[in-house]
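S.K.: Next up is a structure, given as structure tokens.
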Amino acid sequence: MFSFSFPFSSSLFRKKKDTSPTVYTEESCSSCGEKVKRLFQESDYIYKEAVMCKKCSASTLITAIYGEYPRERKEGHRENE
């Protein structure tokens, strides 16, 4: 039996656990297709009827809930270069 070890794998995954992801909700309009990303609220769930579409006034549905980790800044790197 072979055993493989990846020395970088434990540090790679540990960084993600040190910070919590920001959780977002995506609302989609079935009429015009407009999508809006906003911060997750405790009462959100997939296919929940959400607010009225700002573009066409039809009702929207929550179609996605996901988390994003903050981007890591590299030393010496400026964002607007």
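Chains: A, B, ... in order of the structure tokens. Residues: from 1 per chain. Ligands: from 1, in order shown.
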Report as number ranges by chain all protein, DNA and RNA residues lying within 10 Å of Lys37 of chain A, evaluated on only C-alpha atoms, omitting residues in the same chain fewer than 6 positions from it.

M.R.: A: 24-28, 62, 64-65

S.K.: Could you save the residues just selected, with N, CA and C atoms, as an mmCIF file, in the first residue's frame?

M.R.:
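Result file out.cif:
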```cif
data_model
loop_
_atom_site.group_PDB
_atom_site.id
_atom_site.type_symbol
_atom_site.label_atom_id
_atom_site.label_comp_id
_atom_site.auth_asym_id
_atom_site.auth_seq_id
_atom_site.Cartn_x
_atom_site.Cartn_y
_atom_site.Cartn_z
ATOM 1 N N TYR A 24 -23.615 35.239 1.582
ATOM 2 C CA TYR A 24 -24.441 36.068 0.711
ATOM 3 C C TYR A 24 -25.674 35.307 0.247
ATOM 4 N N THR A 25 -26.708 36.059 -0.093
ATOM 5 C CA THR A 25 -27.931 35.528 -0.689
ATOM 6 C C THR A 25 -28.069 36.151 -2.067
ATOM 7 N N GLU A 26 -28.440 35.336 -3.049
ATOM 8 C CA GLU A 26 -28.671 35.860 -4.395
ATOM 9 C C GLU A 26 -30.155 35.752 -4.707
ATOM 10 N N GLU A 27 -30.750 36.884 -5.062
ATOM 11 C CA GLU A 27 -32.156 36.938 -5.447
ATOM 12 C C GLU A 27 -32.234 37.099 -6.957
ATOM 13 N N SER A 28 -33.108 36.325 -7.611
ATOM 14 C CA SER A 28 -33.261 36.385 -9.063
ATOM 15 C C SER A 28 -34.713 36.665 -9.421
ATOM 16 N N ILE A 62 -35.176 33.657 -3.947
ATOM 17 C CA ILE A 62 -33.803 33.398 -3.522
ATOM 18 C C ILE A 62 -33.344 32.147 -4.254
ATOM 19 N N ALA A 64 -29.763 31.337 -4.566
ATOM 20 C CA ALA A 64 -28.458 30.853 -4.103
ATOM 21 C C ALA A 64 -28.121 31.455 -2.754
ATOM 22 N N ILE A 65 -27.463 30.657 -1.930
ATOM 23 C CA ILE A 65 -26.902 31.112 -0.659
ATOM 24 C C ILE A 65 -25.501 30.532 -0.613
#
```

S.K.: Determine the nearest neighbour of Glu34 of chain A from the options A:Asp18, A:Pro70, A:Leu61, A:Cys53, counting only C-alpha atoms.

M.R.: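 So, comparing all the options, the nearest one is A:Cys53.
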
S.K.: Which residue gives the smallest distance to Arg38 of chain A among A:Met52, A:Tyr66, A:Ser20, A:Arg71, with only C-alpha atoms counted?

M.R.: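 When distances to Arg38 of chain A are compared using only C-alpha atoms, the smallest one comes from A:Tyr66.
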
S.K.: When distances are computed from only C-alpha atoms, which of A:Lys48, A:Lys55, A:Thr60, A:Gln41 shows the smallest separation from Cys29 of chain A?

M.R.: A:Thr60
